[in-house]
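> Handing you this structure, nothing more for now.
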Amino acid sequence: MRLRNKPWAKEELAKYPEIVVQRPDLHKGKWQELFGNCHPIHIEVGTGKGQFLTGMAQQYPNVNFIGIEKYETVLLTALERAKSLKLPNLRFLNEDVIDLLQFFETDDLSRVYINFTDPWPKNRHEKRRLTYKDFLALYEQLLKSDGEIHFKTDNQGLFEYSLESFSRFGLIIKNVSLNLHKSQFEGNIMTEYEEKFSKKGMRIYRCEASFKE
Ligand code: SAM
C-alpha cells in the first residue's frame with residue numbers, strides 16, 4: 001500500500017478519542033466498561049480504511065467491533081467514515097497487531113477477523129504474515145474458548161499457506177469457500193480490497209477456524 005506522508009495524521013486521530021482509542025492499554029480486560037455493555041468483542045487485524053468493520057458495526061449492533069491498523073494515514077479514512085455514522089459499537093486502535101497482549105486479556109475477544117492481509121510472499125518474510133504461528137498464538141491467548149478466526153483473501157498462495165498454518169497449529173477449520181462470491185454464504189460485508197479485487201474478476205477465498213471444537 002502506497003502511503004502519502006501526512007505528519008498531522010496522528011494529531012488528527014487523537015482529536016477523536018471516542019473513535020480512535022488513545023490508551024488502549026488502560027482498557028485491557030475492561031473493554032465492556034468502555035462500550036457500556038456486555039456484548040461480545042470482535043476485532044479486525046489490519047483493518048485498513050475501515051469499510052468492513054463500519055459495515056459490520058451497522059449490521060450487528062449487539063457486537064462491539066475494534067479495528068487495529070498500524071498506519072495512521074490509512075486509519076484517517078476509517079475515522080472519516082466512522083465520524084459521520086456515530087456508531088456506539090465501533091472503535092479503532094492505531095497500533096501494531098504484534099502488541100495485542102498490551103491491549104487485551106485472556107477471554108476479552110470472541111472473534112478475530114483477518115481480511116486481505118499482506119501476503120508477504122517471500123519465505124524470509126513469513127513471520128510478518130498475520131496467519132503465521134506466532135500471531136495464531138496471540139489470538140489463542142485472547143480469544144474465548146468458543147472464539148473464532150474468520151479469514152478472507154484474494155491470494156491463493158496465502159490462503160493455502162494459512163490453511164496449513166491453522167492446521168499445523170491444531171485449529172479446526174470449517175466453512176471453507178474457494179469462491180466466496182459464487183457460494184451460498186449470506187450477509188457478506190465487503191472490505192475495500194475485496195471490492196477492488198472482485199471487480200477485477202478475482203475469486204475470494206474464505207474460511208473460519210477455531211481453537212476448540
Ligand atoms: N483489511 C483491509 C481490507 O481488506 O481492505 C485492508 C487490507 S491491506 C492489504 C492490509 C492492512 O493491514 C494495511 O492497512 C496494513 O497497514 C495493515 N497491517 C499489516 N500488518 C499489520 C500489523 N502488524 N499491525 C497493524 N496493521 C497491520
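Letters A, B, ... mark the chains of the C-alpha cells in the order given; residue numbers begin at 1 per chain; ligand numbers begin at 1, in order shown.
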As a VMD selection string, please: all residues of region 122-175 of chain A that backbone DSSP puts in strand (DSSP E or B).

chain A and resid 143 to 153 172 to 175

> For the selection just defined, write its residues with N, CA and C atoms to a file, as a PDB file, in the first residue's frame.


```pdb
ATOM      1  N   LEU A 143      -8.617 -15.066  22.702  1.00  0.00           N
ATOM      2  CA  LEU A 143      -9.978 -15.478  22.343  1.00  0.00           C
ATOM      3  C   LEU A 143     -10.612 -16.339  23.424  1.00  0.00           C
ATOM      4  N   LYS A 144     -11.907 -16.199  23.590  1.00  0.00           N
ATOM      5  CA  LYS A 144     -12.653 -17.100  24.477  1.00  0.00           C
ATOM      6  C   LYS A 144     -12.562 -18.505  23.889  1.00  0.00           C
ATOM      7  N   SER A 145     -12.889 -19.525  24.694  1.00  0.00           N
ATOM      8  CA  SER A 145     -12.676 -20.900  24.223  1.00  0.00           C
ATOM      9  C   SER A 145     -13.524 -21.215  22.983  1.00  0.00           C
ATOM     10  N   ASP A 146     -14.692 -20.560  22.839  1.00  0.00           N
ATOM     11  CA  ASP A 146     -15.503 -20.810  21.638  1.00  0.00           C
ATOM     12  C   ASP A 146     -15.276 -19.722  20.572  1.00  0.00           C
ATOM     13  N   GLY A 147     -14.228 -18.943  20.740  1.00  0.00           N
ATOM     14  CA  GLY A 147     -13.940 -17.863  19.789  1.00  0.00           C
ATOM     15  C   GLY A 147     -13.464 -18.389  18.439  1.00  0.00           C
ATOM     16  N   GLU A 148     -13.563 -17.523  17.434  1.00  0.00           N
ATOM     17  CA  GLU A 148     -13.214 -17.960  16.071  1.00  0.00           C
ATOM     18  C   GLU A 148     -12.361 -16.929  15.340  1.00  0.00           C
ATOM     19  N   ILE A 149     -11.626 -17.451  14.353  1.00  0.00           N
ATOM     20  CA  ILE A 149     -10.922 -16.591  13.396  1.00  0.00           C
ATOM     21  C   ILE A 149     -11.707 -16.677  12.087  1.00  0.00           C
ATOM     22  N   HIS A 150     -12.024 -15.530  11.486  1.00  0.00           N
ATOM     23  CA  HIS A 150     -12.647 -15.526  10.156  1.00  0.00           C
ATOM     24  C   HIS A 150     -11.665 -14.856   9.197  1.00  0.00           C
ATOM     25  N   PHE A 151     -11.342 -15.566   8.138  1.00  0.00           N
ATOM     26  CA  PHE A 151     -10.248 -15.144   7.263  1.00  0.00           C
ATOM     27  C   PHE A 151     -10.720 -15.043   5.806  1.00  0.00           C
ATOM     28  N   LYS A 152     -10.408 -13.921   5.153  1.00  0.00           N
ATOM     29  CA  LYS A 152     -10.713 -13.776   3.720  1.00  0.00           C
ATOM     30  C   LYS A 152      -9.474 -13.244   3.003  1.00  0.00           C
ATOM     31  N   THR A 153      -9.290 -13.712   1.783  1.00  0.00           N
ATOM     32  CA  THR A 153      -8.180 -13.200   0.965  1.00  0.00           C
ATOM     33  C   THR A 153      -8.474 -13.459  -0.513  1.00  0.00           C
ATOM     34  N   ILE A 172      -9.269 -25.989  14.229  1.00  0.00           N
ATOM     35  CA  ILE A 172     -10.301 -26.713  13.478  1.00  0.00           C
ATOM     36  C   ILE A 172     -10.832 -25.757  12.414  1.00  0.00           C
ATOM     37  N   ILE A 173     -10.747 -26.213  11.170  1.00  0.00           N
ATOM     38  CA  ILE A 173     -11.102 -25.331  10.053  1.00  0.00           C
ATOM     39  C   ILE A 173     -12.487 -25.717   9.538  1.00  0.00           C
ATOM     40  N   LYS A 174     -13.325 -24.708   9.302  1.00  0.00           N
ATOM     41  CA  LYS A 174     -14.665 -25.025   8.771  1.00  0.00           C
ATOM     42  C   LYS A 174     -15.123 -23.951   7.786  1.00  0.00           C
ATOM     43  N   ASN A 175     -16.218 -24.268   7.113  1.00  0.00           N
ATOM     44  CA  ASN A 175     -16.832 -23.337   6.153  1.00  0.00           C
ATOM     45  C   ASN A 175     -15.810 -22.755   5.168  1.00  0.00           C
TER      46      ASN A 175
END
```

> At a cut-off of 12 Å, using only C-alpha atoms, what residues contact Ile189 (chain A)? Leave out same-chain residues fewer than 4 positions from it and give the result as a list in words.

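After dropping sequence-adjacent residues, the list is Gly50, Gln51, Phe52, Leu53, Thr54, Gly55, Met56, Ala57, Gln58, Gln59, Tyr60, Tyr113, Asn115, Lys152, Leu180, His181, Phe185, Tyr193, Glu194 and Glu195 of chain A.
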
> Counting only C-alpha atoms and all ligand atoms, give me one row per residue of chain A with an atom at most 7 Å from an atom of ligand 1, showing the shortest contact pair and its distance in Å to one decimal, sorted by chain then residue number, as a tab-separated table.


```
residue	atom	partner	partner_atom_place_in_ligand_line	distance
A:Met1	CA	ligand 1	9 (C)	6.8
A:Val45	CA	ligand 1	26 (N)	6.1
A:Gly46	CA	ligand 1	12 (O)	3.2
A:Thr47	CA	ligand 1	1 (N)	4.2
A:Gly48	CA	ligand 1	14 (O)	3.7
A:Lys49	CA	ligand 1	2 (C)	6.5
A:Gly50	CA	ligand 1	2 (C)	7.0
A:Ile68	CA	ligand 1	25 (C)	5.6
A:Glu69	CA	ligand 1	26 (N)	3.8
A:Lys70	CA	ligand 1	25 (C)	4.0
A:Tyr71	CA	ligand 1	16 (O)	5.2
A:Val74	CA	ligand 1	14 (O)	6.1
A:Glu95	CA	ligand 1	25 (C)	5.8
A:Asp96	CA	ligand 1	24 (N)	3.5
A:Val97	CA	ligand 1	24 (N)	3.9
A:Ile98	CA	ligand 1	23 (N)	5.6
A:Ile114	CA	ligand 1	1 (N)	6.9
A:Asn115	CA	ligand 1	1 (N)	4.4
A:Phe116	CA	ligand 1	4 (O)	4.4
A:Thr117	CA	ligand 1	10 (C)	4.6
A:Asp118	CA	ligand 1	9 (C)	4.8
A:Leu130	CA	ligand 1	20 (N)	6.8
A:Thr191	CA	ligand 1	5 (O)	4.4
A:Glu192	CA	ligand 1	5 (O)	3.8
A:Tyr193	CA	ligand 1	5 (O)	3.8
A:Glu194	CA	ligand 1	4 (O)	6.0
```

> Running DSSP on the backbone, which parts of region 49-200 of chain A land in helix (DSSP H, G or I), as number ranges by chain?

A: 51-59, 72-85, 97-103, 123-128, 133-142, 156-168, 180-182, 192-199

> Would you work out the distance separating CA of Ala14 (chain A) from CA of Phe92 (chain A), expressed in Å to one decimal?

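About the pair CA of Ala14 (chain A) and CA of Phe92 (chain A): they are 11.2 Å apart.
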
> What separation in Å, quoted to one decimal, exists between CA of Asn155 (chain A) and CA of Tyr139 (chain A)?

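Distance reported for this atom pair: 21.7 Å.
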
> Kindly indicate which residue among A:Trp31, A:Trp120, A:Phe166, A:Phe159 lies nearest to Asp108 (chain A), using only C-alpha atoms for the distances.

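Ranking A:Trp31, A:Trp120, A:Phe166, A:Phe159 by distance to Asp108 (chain A), first place goes to A:Trp31.
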
> Please indicate the distance in Å from CA of Leu138 (chain A) to CA of Leu34 (chain A), rounded to one decimal place.

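That distance, rounded to one decimal, is 22.5 Å.
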